[in-house]
>>> print(open('upload.cif').read())   # mmCIF, C-alpha atoms and all ligand atoms
data_my_file
loop_
_atom_site.label_atom_id
_atom_site.label_comp_id
_atom_site.auth_asym_id
_atom_site.auth_seq_id
_atom_site.Cartn_x
_atom_site.Cartn_y
_atom_site.Cartn_z
CA MET A 16 0.00 0.00 0.00
CA GLU A 17 2.68 2.54 1.03
CA GLU A 18 4.66 1.68 -2.11
CA LYS A 19 1.62 2.33 -4.28
CA ILE A 20 1.10 5.70 -2.57
CA GLU A 21 4.75 6.62 -3.18
CA GLU A 22 4.49 5.62 -6.82
CA ALA A 23 1.21 7.52 -7.30
CA GLY A 24 2.74 10.64 -5.72
CA ARG A 25 5.81 10.42 -7.96
CA ILE A 26 3.69 10.01 -11.11
CA ILE A 27 1.47 12.98 -10.18
CA LYS A 28 4.46 15.16 -9.28
CA LYS A 29 6.18 14.71 -12.62
CA CYS A 30 3.15 14.60 -14.96
CA SER A 31 2.47 17.42 -17.37
CA PHE A 32 -1.33 17.57 -16.91
CA LEU A 33 -3.36 15.90 -14.17
CA LEU A 34 -7.07 15.16 -14.53
CA VAL A 35 -8.83 14.22 -11.29
CA ILE A 36 -12.30 12.67 -11.32
CA THR A 37 -14.25 12.30 -8.08
CA GLY A 38 -17.48 10.60 -7.09
CA ALA A 39 -19.69 10.16 -4.06
CA GLY A 40 -16.99 8.23 -2.15
CA ILE A 41 -14.90 11.36 -1.60
CA SER A 42 -17.77 12.92 0.35
CA ALA A 43 -18.58 9.75 2.31
CA GLU A 44 -16.17 10.78 5.09
CA SER A 45 -18.07 14.08 5.32
CA GLY A 46 -21.19 12.07 6.20
CA ILE A 47 -22.90 12.21 2.79
CA PRO A 48 -24.29 8.86 1.63
CA THR A 49 -23.02 7.27 -1.61
CA PHE A 50 -25.37 5.82 -4.24
CA ARG A 51 -24.09 2.29 -4.65
CA GLY A 52 -22.48 -0.15 -2.22
CA ARG A 53 -23.58 -1.46 1.17
CA ASP A 54 -24.96 1.78 2.65
CA GLY A 55 -25.75 3.39 -0.71
CA LEU A 56 -28.89 5.43 -1.42
CA TRP A 57 -29.91 3.07 -4.23
CA ASN A 58 -30.42 0.28 -1.65
CA ARG A 59 -33.19 2.33 -0.08
CA TYR A 60 -34.52 4.31 -3.04
CA SER A 61 -35.10 3.54 -6.68
CA PRO A 62 -33.12 5.63 -9.19
CA SER A 63 -35.98 5.40 -11.71
CA GLU A 64 -38.43 6.86 -9.15
CA LEU A 65 -36.18 9.74 -8.07
CA ALA A 66 -33.38 10.55 -10.52
CA THR A 67 -35.07 10.67 -13.92
CA PRO A 68 -37.07 13.39 -15.71
CA GLN A 69 -39.97 10.91 -15.92
CA ALA A 70 -39.99 10.54 -12.13
CA PHE A 71 -40.10 14.33 -11.74
CA SER A 72 -43.00 14.67 -14.23
CA LYS A 73 -44.93 11.95 -12.42
CA ASN A 74 -44.35 13.14 -8.86
CA PRO A 75 -42.41 16.42 -8.48
CA HIS A 76 -43.33 16.62 -4.80
CA LEU A 77 -41.71 13.26 -4.00
CA VAL A 78 -38.55 14.08 -5.95
CA TRP A 79 -38.30 17.49 -4.26
CA GLU A 80 -38.74 15.91 -0.81
CA TRP A 81 -35.81 13.62 -1.57
CA TYR A 82 -33.59 16.56 -2.62
CA GLU A 83 -34.67 18.62 0.39
CA TRP A 84 -33.69 15.72 2.67
CA ARG A 85 -30.32 15.45 0.94
CA ARG A 86 -29.84 19.21 1.24
CA SER A 87 -30.40 18.94 5.00
CA ILE A 88 -27.51 16.43 5.18
CA ILE A 89 -25.24 18.38 2.82
CA LYS A 90 -25.88 21.68 4.63
CA LYS A 91 -24.29 20.24 7.80
CA ALA A 92 -21.38 18.59 5.99
CA LYS A 93 -17.86 20.00 5.81
CA PRO A 94 -15.05 19.20 3.37
CA ASN A 95 -12.85 16.36 4.66
CA PRO A 96 -9.07 15.79 4.30
CA GLY A 97 -9.70 14.19 0.86
CA HIS A 98 -11.29 17.38 -0.53
CA ILE A 99 -8.54 19.49 1.07
CA ALA A 100 -5.78 17.29 -0.39
CA ILE A 101 -7.21 17.81 -3.88
CA THR A 102 -7.00 21.58 -3.40
CA GLU A 103 -3.37 21.13 -2.32
CA ILE A 104 -2.62 19.16 -5.47
CA GLU A 105 -4.27 21.90 -7.57
CA LYS A 106 -2.05 24.52 -5.89
CA ILE A 107 1.02 22.46 -6.83
CA LYS A 108 -0.02 21.66 -10.41
CA GLN A 109 -1.57 25.12 -11.08
CA GLU A 110 -2.86 25.37 -14.66
CA ASN A 111 -1.78 21.79 -15.36
CA PHE A 112 -4.78 20.52 -13.43
CA LYS A 113 -8.50 19.91 -13.83
CA LEU A 114 -11.07 18.37 -11.50
CA ILE A 115 -14.27 16.78 -12.78
CA THR A 116 -16.61 16.00 -9.92
CA GLN A 117 -19.79 14.00 -10.35
CA ASN A 118 -20.92 15.25 -6.94
CA ILE A 119 -23.60 17.88 -6.58
CA ASP A 120 -22.80 18.70 -2.94
CA GLY A 121 -20.51 21.67 -3.61
CA LEU A 122 -17.90 20.50 -1.06
CA HIS A 123 -14.97 20.75 -3.48
CA LYS A 124 -15.76 24.43 -4.03
CA ILE A 125 -16.05 25.06 -0.28
CA ALA A 126 -12.68 23.30 0.19
CA GLY A 127 -11.13 25.71 -2.33
CA SER A 128 -11.02 23.84 -5.65
CA ARG A 129 -11.19 26.27 -8.57
CA ARG A 130 -10.23 24.53 -11.82
CA MET A 131 -13.29 22.40 -11.56
CA ILE A 132 -16.34 21.11 -13.42
CA GLU A 133 -19.46 20.15 -11.46
CA PHE A 134 -20.36 17.63 -14.12
CA HIS A 135 -23.81 16.59 -12.81
CA GLY A 136 -24.81 20.04 -11.54
CA ASN A 137 -25.22 21.47 -8.06
CA ILE A 138 -27.92 20.72 -5.50
CA TRP A 139 -28.11 24.38 -4.43
CA ARG A 140 -29.12 25.56 -7.90
CA GLU A 141 -32.70 25.40 -9.16
CA LYS A 142 -34.06 25.95 -12.65
CA CYS A 143 -37.50 26.43 -14.17
CA ILE A 144 -38.82 23.53 -16.26
CA SER A 145 -40.44 25.96 -18.72
CA CYS A 146 -38.43 29.20 -18.93
CA GLU A 147 -34.76 30.20 -18.59
CA TYR A 148 -35.03 31.15 -14.91
CA LYS A 149 -32.30 29.84 -12.56
CA GLN A 150 -31.52 30.59 -8.93
CA ASP A 151 -28.91 29.73 -6.33
CA VAL A 152 -30.38 29.02 -2.89
CA SER A 153 -27.15 28.07 -1.11
CA ASN A 154 -27.37 31.09 1.22
CA THR A 155 -31.15 31.43 1.46
CA TRP A 156 -32.36 27.84 1.78
CA ASP A 157 -34.41 27.25 4.91
CA GLU A 158 -35.61 23.70 5.41
CA GLY A 159 -39.38 23.21 5.34
CA LYS A 160 -40.05 26.92 4.68
CA ARG A 161 -41.41 26.49 1.13
CA GLU A 162 -44.23 24.65 -0.51
CA LEU A 163 -43.00 21.90 -2.78
CA PRO A 164 -42.55 21.95 -5.70
CA PRO A 165 -41.39 25.60 -5.65
CA GLN A 166 -43.01 27.96 -8.15
CA CYS A 167 -41.03 29.84 -10.79
CA PRO A 168 -41.07 33.57 -9.94
CA LYS A 169 -40.95 34.48 -13.66
CA CYS A 170 -43.70 32.27 -15.10
CA THR A 171 -46.49 29.97 -13.90
CA SER A 172 -44.39 26.83 -14.02
CA ILE A 173 -42.33 24.98 -11.34
CA LEU A 174 -38.64 24.77 -10.46
CA ARG A 175 -36.50 21.63 -10.39
CA PRO A 176 -33.03 20.95 -8.98
CA ASP A 177 -30.32 21.95 -11.50
CA VAL A 178 -28.77 18.49 -11.60
CA VAL A 179 -28.40 15.90 -14.36
CA TRP A 180 -30.72 12.90 -14.09
CA PHE A 181 -30.45 9.57 -15.92
CA GLY A 182 -31.36 9.89 -19.59
CA GLU A 183 -30.59 13.63 -19.64
CA ASN A 184 -27.79 15.20 -21.59
CA ILE A 185 -24.81 16.63 -19.75
CA PRO A 186 -24.58 20.44 -20.29
CA LYS A 187 -22.60 21.06 -23.48
CA GLU A 188 -20.00 23.30 -21.80
CA ASN A 189 -19.28 20.58 -19.21
CA ILE A 190 -18.69 17.99 -21.94
CA GLU A 191 -16.46 20.36 -23.91
CA GLU A 192 -14.34 21.32 -20.89
CA ALA A 193 -14.05 17.69 -19.78
CA GLU A 194 -13.06 16.44 -23.23
CA LYS A 195 -10.43 19.16 -23.50
CA ALA A 196 -8.88 18.14 -20.17
CA LEU A 197 -9.09 14.47 -21.13
CA SER A 198 -7.32 15.09 -24.43
CA ILE A 199 -4.35 16.85 -22.79
CA CYS A 200 -3.94 14.84 -19.57
CA ASP A 201 -1.14 12.33 -19.24
CA VAL A 202 -2.35 11.18 -15.81
CA LEU A 203 -5.90 10.53 -14.64
CA LEU A 204 -6.60 10.05 -10.94
CA TYR A 205 -10.11 8.91 -10.05
CA VAL A 206 -11.35 8.79 -6.49
CA GLY A 207 -14.45 7.40 -4.78
CA THR A 208 -16.45 6.54 -7.85
CA SER A 209 -17.88 3.18 -8.87
CA ALA A 210 -17.13 4.26 -12.47
CA LEU A 211 -20.44 2.80 -13.61
CA VAL A 212 -22.23 5.94 -14.79
CA TYR A 213 -21.66 7.27 -18.30
CA PRO A 214 -20.26 9.41 -19.78
CA VAL A 215 -17.78 9.80 -16.87
CA ALA A 216 -17.02 6.05 -16.93
CA SER A 217 -16.12 6.40 -20.62
CA PHE A 218 -13.53 9.12 -19.78
CA ILE A 219 -11.73 6.65 -17.52
CA GLU A 220 -12.00 3.87 -20.11
CA TYR A 221 -10.65 6.23 -22.78
CA ALA A 222 -7.67 7.19 -20.60
CA ILE A 223 -6.86 3.51 -20.01
CA GLU A 224 -7.23 2.63 -23.70
CA THR A 225 -5.04 5.52 -24.85
CA GLY A 226 -2.18 4.58 -22.53
CA ARG A 227 -2.38 7.37 -19.93
CA GLU A 228 -1.26 6.59 -16.40
CA VAL A 229 -4.51 5.90 -14.53
CA ILE A 230 -4.62 5.82 -10.72
CA GLU A 231 -7.66 4.64 -8.77
CA ILE A 232 -8.45 5.30 -5.10
CA ASN A 233 -11.49 3.45 -3.76
CA LEU A 234 -12.57 1.64 -0.61
CA GLU A 235 -12.93 -1.48 -2.71
CA LYS A 236 -12.11 -2.90 -6.13
CA THR A 237 -14.10 -1.58 -9.10
CA ASN A 238 -14.74 -3.08 -12.56
CA LEU A 239 -11.71 -1.16 -13.81
CA SER A 240 -9.22 -1.91 -11.00
CA ASP A 241 -7.43 -4.63 -12.95
CA ARG A 242 -6.91 -2.36 -15.97
CA VAL A 243 -5.41 0.70 -14.27
CA SER A 244 -1.74 1.56 -13.58
CA ILE A 245 -2.20 1.77 -9.80
CA SER A 246 -5.24 0.76 -7.76
CA ILE A 247 -5.17 1.85 -4.12
CA GLU A 248 -7.77 0.40 -1.77
CA GLY A 249 -8.60 2.65 1.15
CA LYS A 250 -10.34 5.79 2.32
CA ALA A 251 -9.86 8.87 0.15
CA GLY A 252 -9.45 11.04 3.26
CA GLU A 253 -6.52 8.93 4.41
CA ILE A 254 -4.80 8.14 1.10
CA LEU A 255 -4.93 11.57 -0.60
CA PRO A 256 -3.13 13.52 2.19
CA LYS A 257 -0.33 10.90 2.05
CA ILE A 258 -0.03 11.41 -1.71
CA VAL A 259 0.28 15.17 -1.12
CA GLU A 260 3.12 14.49 1.32
CA VAL A 261 4.94 12.45 -1.34
CA ILE A 262 4.44 15.17 -3.97
CA ARG A 263 5.83 17.74 -1.55
CA GLY A 264 8.79 15.47 -0.88
CA ASN A 265 8.10 15.26 2.86
CA THR A 266 8.52 11.50 3.02
CA GLN A 267 11.85 9.70 3.42
C1 LIG A 301 -14.99 5.41 -1.14
C2 LIG A 301 -15.25 5.80 0.12
C3 LIG A 301 -14.17 6.45 0.76
C4 LIG A 301 -17.08 4.89 -0.55
N1 LIG A 301 -13.00 6.61 0.07
N2 LIG A 301 -13.90 5.51 -1.86
C5 LIG A 301 -23.51 4.05 -22.09
C6 LIG A 301 -23.66 2.75 -21.67
C7 LIG A 301 -24.66 2.41 -20.76
C8 LIG A 301 -25.53 3.37 -20.28
C9 LIG A 301 -25.39 4.67 -20.69
C10 LIG A 301 -24.39 4.99 -21.60
N3 LIG A 301 -24.46 6.32 -21.81
C11 LIG A 301 -25.46 6.84 -21.07
C12 LIG A 301 -26.06 5.85 -20.39
C13 LIG A 301 -27.20 6.01 -19.47
C14 LIG A 301 -26.82 6.55 -18.12
C15 LIG A 301 -25.87 5.57 -17.42
O1 LIG A 301 -24.69 5.78 -17.30
N4 LIG A 301 -26.39 4.48 -16.93
C16 LIG A 301 -25.55 3.51 -16.21
C17 LIG A 301 -26.02 3.41 -14.75
C18 LIG A 301 -25.52 2.22 -16.95
N5 LIG A 301 -26.19 7.89 -18.20
C19 LIG A 301 -26.90 8.97 -18.37
O2 LIG A 301 -28.11 8.93 -18.52
C20 LIG A 301 -26.15 10.30 -18.40
N6 LIG A 301 -26.56 11.06 -19.52
C21 LIG A 301 -26.05 10.83 -20.75
O3 LIG A 301 -25.17 10.04 -20.96
O4 LIG A 301 -26.63 11.62 -21.74
C22 LIG A 301 -26.54 11.17 -23.09
C23 LIG A 301 -27.56 10.07 -23.24
C24 LIG A 301 -28.86 10.33 -22.93
C25 LIG A 301 -29.81 9.29 -23.04
C26 LIG A 301 -29.40 8.02 -23.46
C27 LIG A 301 -28.07 7.78 -23.75
C28 LIG A 301 -27.12 8.83 -23.66
C29 LIG A 301 -26.51 11.12 -17.16
C30 LIG A 301 -26.07 10.49 -15.89
C31 LIG A 301 -26.58 11.30 -14.71
C32 LIG A 301 -26.28 10.63 -13.38
N7 LIG A 301 -27.01 11.30 -12.36
C33 LIG A 301 -26.77 10.95 -10.98
C34 LIG A 301 -27.71 11.80 -10.10
C35 LIG A 301 -27.21 13.26 -10.09
C36 LIG A 301 -27.99 14.12 -9.18
C37 LIG A 301 -28.01 13.61 -7.76
O5 LIG A 301 -26.97 13.41 -7.11
O6 LIG A 301 -29.12 13.44 -7.29
O7 LIG A 301 -25.40 11.22 -10.63
S1 LIG A 301 -26.92 9.20 -10.62
C38 LIG A 301 -25.58 9.12 -9.48
O8 LIG A 301 -24.50 8.31 -10.04
C39 LIG A 301 -25.04 10.55 -9.39
C40 LIG A 301 -23.55 10.31 -9.35
O9 LIG A 301 -22.87 11.49 -9.70
C41 LIG A 301 -23.37 9.16 -10.30
C42 LIG A 301 -22.08 8.41 -10.12
O10 LIG A 301 -22.04 7.78 -8.87
P1 LIG A 301 -20.64 7.71 -8.07
O11 LIG A 301 -20.19 9.06 -7.76
O12 LIG A 301 -19.71 6.83 -8.81
O13 LIG A 301 -21.12 7.07 -6.69
P2 LIG A 301 -21.28 5.52 -6.30
O14 LIG A 301 -22.13 5.49 -5.09
O15 LIG A 301 -21.70 4.70 -7.44
O16 LIG A 301 -19.82 5.04 -5.93
C43 LIG A 301 -19.15 5.50 -4.78
C44 LIG A 301 -17.81 4.77 -4.71
O17 LIG A 301 -17.07 5.33 -3.65
C45 LIG A 301 -17.94 3.27 -4.44
O18 LIG A 301 -17.17 2.57 -5.42
C46 LIG A 301 -17.34 3.09 -3.04
O19 LIG A 301 -16.61 1.87 -2.90
C47 LIG A 301 -16.42 4.28 -2.95
N8 LIG A 301 -16.22 4.80 -1.59
N9 LIG A 301 -16.51 5.51 0.49
C48 LIG A 301 -12.90 6.13 -1.20
N10 LIG A 301 -14.24 6.92 2.01
ZN ZN A 302 -40.29 29.87 -15.38
#
>>> encode(input="upload.cif", output="structure tokens")
Amino acid sequence: MEEKIEEAGRIIKKCSFLLVITGAGISAESGIPTFRGRDGLWNRYSPSELATPQAFSKNPHLVWEWYEWRRSIIKKAKPNPGHIAITEIEKIKQENFKLITQNIDGLHKIAGSRRMIEFHGNIWREKCISCEYKQDVSNTWDEGKRELPPQCPKCTSILRPDVVWFGENIPKENIEEAEKALSICDVLLYVGTSALVYPVASFIEYAIETGREVIEINLEKTNLSDRVSISIEGKAGEILPKIVEVIRGNTQ
């Protein structure tokens, strides 16, 4: 394990462009549930009843209640050492760095990440299903203080969370920015994702198939573990700070 961490740190230190991809696992140590796995949300809830546009059309109240419950958890959560370590790596790599997060919790931004794409949106943004209206409620949200679903203040329609559900297209600018980073990276580090959801899973597959150095950090093996350069099993919040130490040269 320690050897793998050393090797990962050395690869990241000398690479010319690092792409980091994160998933729900990086926020698990902040107390935010993941989707898949033993304690995952999808064991208790059905993705097709909560995370699709069809589910929202059928029962917007139910879908909103689920997002309001998740907001109540996320509101209390703080970035953990894994998020912080990624900001440290960005400070070292500067413009030779990009982070694609699948998470909608906003914790990377709070931790200080800047060269970042929130690929599946952000739970604190809301958008109208009929007009162009969007709003950010991160500072104004007050649990239970609104009727659900919330009304659009500009038209007669309703608002939805500004996140990407199954079957929906990823915003064009997110795809373009991600593909640019993917095309120039020589190292891809992915952390806390089951790598099962497309198109993000295809970015990792592409990096493997085109011979980039690919490093995985996950609590357990994934479908791709056997195909990557280095697969490190463990908690993101424990492994990533050790990698930062190696990059800084603070290990003997
Ligand atoms: C730790 C840890 C610790 C725990 N330390 N590790 C090609 C093939 C097949 C299907 C498709 C395809 N292309 C598109 C599809 C359909 C679909 C898809 O991928 N389906 C698959 C499930 C098969 N994709 C889409 O629909 C996407 N749209 C799209 O491609 O548009 C074009 C298109 C349209 C229509 C048809 C075809 C193409 C959109 C996907 C949107 C995903 N949305 C969600 C919800 C977002 C909002 C919300 O949060 O509510 O995004 S679903 C959910 O999964 C969420 C996540 O971002 C995403 C990924 O999950 P993630 O982050 O990997 O979490 P987990 O829980 O799966 O894994 C956590 C991992 O952490 C585990 O491995 C743990 O072991 C680990 N871990 N603690 C380190 N401390
Ligand atoms: Zn509207």
>>> closest_atom_pairs(input="upload.cif", of="chain A", to="ligand LIG 301 (chain A)", cutoff="7 Å", atoms="only C-alpha atoms and all ligand atoms", output="Markdown table")
| residue | atom | partner | partner_atom | distance |
| --- | --- | --- | --- | --- |
| A:Thr37 | CA | A:LIG301 | O11 | 6.8 |
| A:Gly38 | CA | A:LIG301 | O11 | 3.2 |
| A:Ala39 | CA | A:LIG301 | O11 | 3.9 |
| A:Gly40 | CA | A:LIG301 | O17 | 3.3 |
| A:Ile41 | CA | A:LIG301 | N1 | 5.4 |
| A:Ala43 | CA | A:LIG301 | N9 | 5.1 |
| A:Glu44 | CA | A:LIG301 | N10 | 5.3 |
| A:Thr49 | CA | A:LIG301 | O14 | 4.0 |
| A:Phe50 | CA | A:LIG301 | O14 | 3.4 |
| A:Arg51 | CA | A:LIG301 | O14 | 3.8 |
| A:Gly52 | CA | A:LIG301 | C45 | 6.1 |
| A:Gly55 | CA | A:LIG301 | O14 | 6.1 |
| A:Ala66 | CA | A:LIG301 | C34 | 5.8 |
| A:Gln117 | CA | A:LIG301 | O9 | 4.0 |
| A:Asn118 | CA | A:LIG301 | O9 | 5.1 |
| A:Ile119 | CA | A:LIG301 | O5 | 5.6 |
| A:His135 | CA | A:LIG301 | C35 | 5.5 |
| A:Val178 | CA | A:LIG301 | C36 | 5.1 |
| A:Val179 | CA | A:LIG301 | C31 | 5.0 |
| A:Trp180 | CA | A:LIG301 | N7 | 4.4 |
| A:Phe181 | CA | A:LIG301 | O2 | 3.6 |
| A:Gly182 | CA | A:LIG301 | O2 | 3.6 |
| A:Glu183 | CA | A:LIG301 | N6 | 4.8 |
| A:Asn184 | CA | A:LIG301 | O4 | 3.8 |
| A:Ile185 | CA | A:LIG301 | O4 | 5.7 |
| A:Val206 | CA | A:LIG301 | C48 | 6.1 |
| A:Gly207 | CA | A:LIG301 | N2 | 3.5 |
| A:Thr208 | CA | A:LIG301 | O12 | 3.4 |
| A:Ser209 | CA | A:LIG301 | O18 | 3.6 |
| A:Ala210 | CA | A:LIG301 | O12 | 5.2 |
| A:Leu211 | CA | A:LIG301 | C17 | 5.7 |
| A:Val212 | CA | A:LIG301 | O1 | 3.5 |
| A:Tyr213 | CA | A:LIG301 | O1 | 3.5 |
| A:Pro214 | CA | A:LIG301 | O3 | 5.1 |
| A:Ile232 | CA | A:LIG301 | C48 | 6.0 |
| A:Asn233 | CA | A:LIG301 | N2 | 3.7 |
| A:Leu234 | CA | A:LIG301 | N2 | 4.3 |
| A:Glu235 | CA | A:LIG301 | O19 | 5.0 |
| A:Thr237 | CA | A:LIG301 | O18 | 6.3 |
| A:Gly249 | CA | A:LIG301 | C48 | 6.0 |
| A:Lys250 | CA | A:LIG301 | N1 | 3.6 |
| A:Ala251 | CA | A:LIG301 | N1 | 3.9 |
| A:Gly252 | CA | A:LIG301 | N10 | 6.4 |
>>> closest_atom_pairs(input="upload.cif", of="chain A", to="ligand ZN 302 (chain A)", cutoff="6 Å", atoms="all atoms listed in the file", output="CSV")
residue,atom,partner,partner_atom,distance
A:Cys143,CA,A:ZN302,ZN,4.6
A:Ser145,CA,A:ZN302,ZN,5.1
A:Cys146,CA,A:ZN302,ZN,4.1
A:Tyr148,CA,A:ZN302,ZN,5.4
A:Cys167,CA,A:ZN302,ZN,4.6
A:Lys169,CA,A:ZN302,ZN,5.0
A:Cys170,CA,A:ZN302,ZN,4.2
A:Ser172,CA,A:ZN302,ZN,5.3
>>> write_last_selection(input="upload.cif", atoms="C-alpha atoms", output="compact mmCIF listing (two decimals), in the frame of the given file")
# COMPACT_ATOMS: atom_id res chain seq x y z
CA CYS A 143 -37.50 26.43 -14.17
CA SER A 145 -40.44 25.96 -18.72
CA CYS A 146 -38.43 29.20 -18.93
CA TYR A 148 -35.03 31.15 -14.91
CA CYS A 167 -41.03 29.84 -10.79
CA LYS A 169 -40.95 34.48 -13.66
CA CYS A 170 -43.70 32.27 -15.10
CA SER A 172 -44.39 26.83 -14.02
>>> residues_around(input="upload.cif", residues="Ile144 of chain A", least_positions_apart="3", cutoff="7 Å", atoms="all atoms listed in the file", output="VMD selection string")
chain A and resid 172 to 175
>>> write_last_selection(input="upload.cif", atoms="C-alpha atoms", output="CSV table (one decimal), in the frame of the given file")
chain,number,residue,atom,x,y,z
A,172,SER,CA,-44.4,26.8,-14.0
A,173,ILE,CA,-42.3,25.0,-11.3
A,174,LEU,CA,-38.6,24.8,-10.5
A,175,ARG,CA,-36.5,21.6,-10.4
>>> atom_distance(input="upload.cif", atom1="atom CA of Lys195 of chain A", atom2="atom CA of Ile254 of chain A")
27.5 Å
>>> atom_distance(input="upload.cif", atom1="atom CA of Leu77 of chain A", atom2="atom CA of Leu65 of chain A")
7.7 Å
>>> closest_residue(input="upload.cif", among="A:Ile99, A:Ile138, A:Ala70, A:Ile199", to="Asp177 of chain A", atoms="only C-alpha atoms")
A:Ile138
>>> atom_distance(input="upload.cif", atom1="atom CA of Leu163 of chain A", atom2="atom CA of His123 of chain A")
28.1 Å
>>> closest_residue(input="upload.cif", among="A:Pro48, A:Pro168, A:Pro62, A:Gly136", to="Trp84 of chain A", atoms="all atoms listed in the file")
A:Pro48
>>> residues_around(input="upload.cif", residues="Ala193 of chain A", least_positions_apart="4", cutoff="8 Å", atoms="only C-alpha atoms", output="CSV table (one decimal) with C-alpha atoms, keeping the file's coordinate frame")
chain,number,residue,atom,x,y,z
A,115,ILE,CA,-14.3,16.8,-12.8
A,132,ILE,CA,-16.3,21.1,-13.4
A,189,ASN,CA,-19.3,20.6,-19.2
A,197,LEU,CA,-9.1,14.5,-21.1
>>> residues_near_point(input="upload.cif", point="(-45.1, 18.7, -4.6)", cutoff="10 Å", atoms="all atoms listed in the file", output="PyMOL selection string")
chain A and resi 71+74-80+162-165+173
>>> write_last_selection(input="upload.cif", atoms="C-alpha atoms", output="mmCIF file, in the frame of the given file")
data_model
loop_
_atom_site.group_PDB
_atom_site.id
_atom_site.type_symbol
_atom_site.label_atom_id
_atom_site.label_comp_id
_atom_site.auth_asym_id
_atom_site.auth_seq_id
_atom_site.Cartn_x
_atom_site.Cartn_y
_atom_site.Cartn_z
ATOM 1 C CA PHE A 71 -40.100 14.330 -11.740
ATOM 2 C CA ASN A 74 -44.350 13.140 -8.860
ATOM 3 C CA PRO A 75 -42.410 16.420 -8.480
ATOM 4 C CA HIS A 76 -43.330 16.620 -4.800
ATOM 5 C CA LEU A 77 -41.710 13.260 -4.000
ATOM 6 C CA VAL A 78 -38.550 14.080 -5.950
ATOM 7 C CA TRP A 79 -38.300 17.490 -4.260
ATOM 8 C CA GLU A 80 -38.740 15.910 -0.810
ATOM 9 C CA GLU A 162 -44.230 24.650 -0.510
ATOM 10 C CA LEU A 163 -43.000 21.900 -2.780
ATOM 11 C CA PRO A 164 -42.550 21.950 -5.700
ATOM 12 C CA PRO A 165 -41.390 25.600 -5.650
ATOM 13 C CA ILE A 173 -42.330 24.980 -11.340
#
>>> closest_residue(input="upload.cif", among="A:Pro186, A:Gly121, A:Gly127, A:Gly97", to="Pro256 of chain A", atoms="all atoms listed in the file")
A:Gly97
>>> closest_residue(input="upload.cif", among="A:Glu21, A:Ile101, A:Trp139, A:Glu110", to="Arg85 of chain A", atoms="all atoms listed in the file")
A:Trp139
>>> closest_residue(input="upload.cif", among="A:Ala100, A:Ala126, A:Ile258, A:Met131", to="Glu192 of chain A", atoms="all atoms listed in the file")
A:Met131
>>> axis_aligned_box(input="upload.cif", around="segment 97-110 of chain A", padding_each_side="8 Å", output="JSON")
{"center_x": -5.1, "center_y": 19.8, "center_z": -6.8, "size_x": 28.3, "size_y": 27.2, "size_z": 31.7}
>>> residues_around(input="upload.cif", residues="Thr155 of chain A", least_positions_apart="5", cutoff="12 Å", atoms="all atoms listed in the file", output="list of chain:residue names")
A:Lys90, A:Trp139, A:Arg140, A:Gln150, A:Lys160, A:Arg161
>>> residues_near_point(input="upload.cif", point="(-12.4, 3.4, -16.7)", cutoff="10 Å", atoms="all atoms listed in the file", output="JSON, numbers by chain")
{"A": [203, 205, 209, 210, 211, 215, 216, 217, 218, 219, 220, 221, 222, 223, 224, 229, 231, 237, 238, 239, 240, 242, 243]}
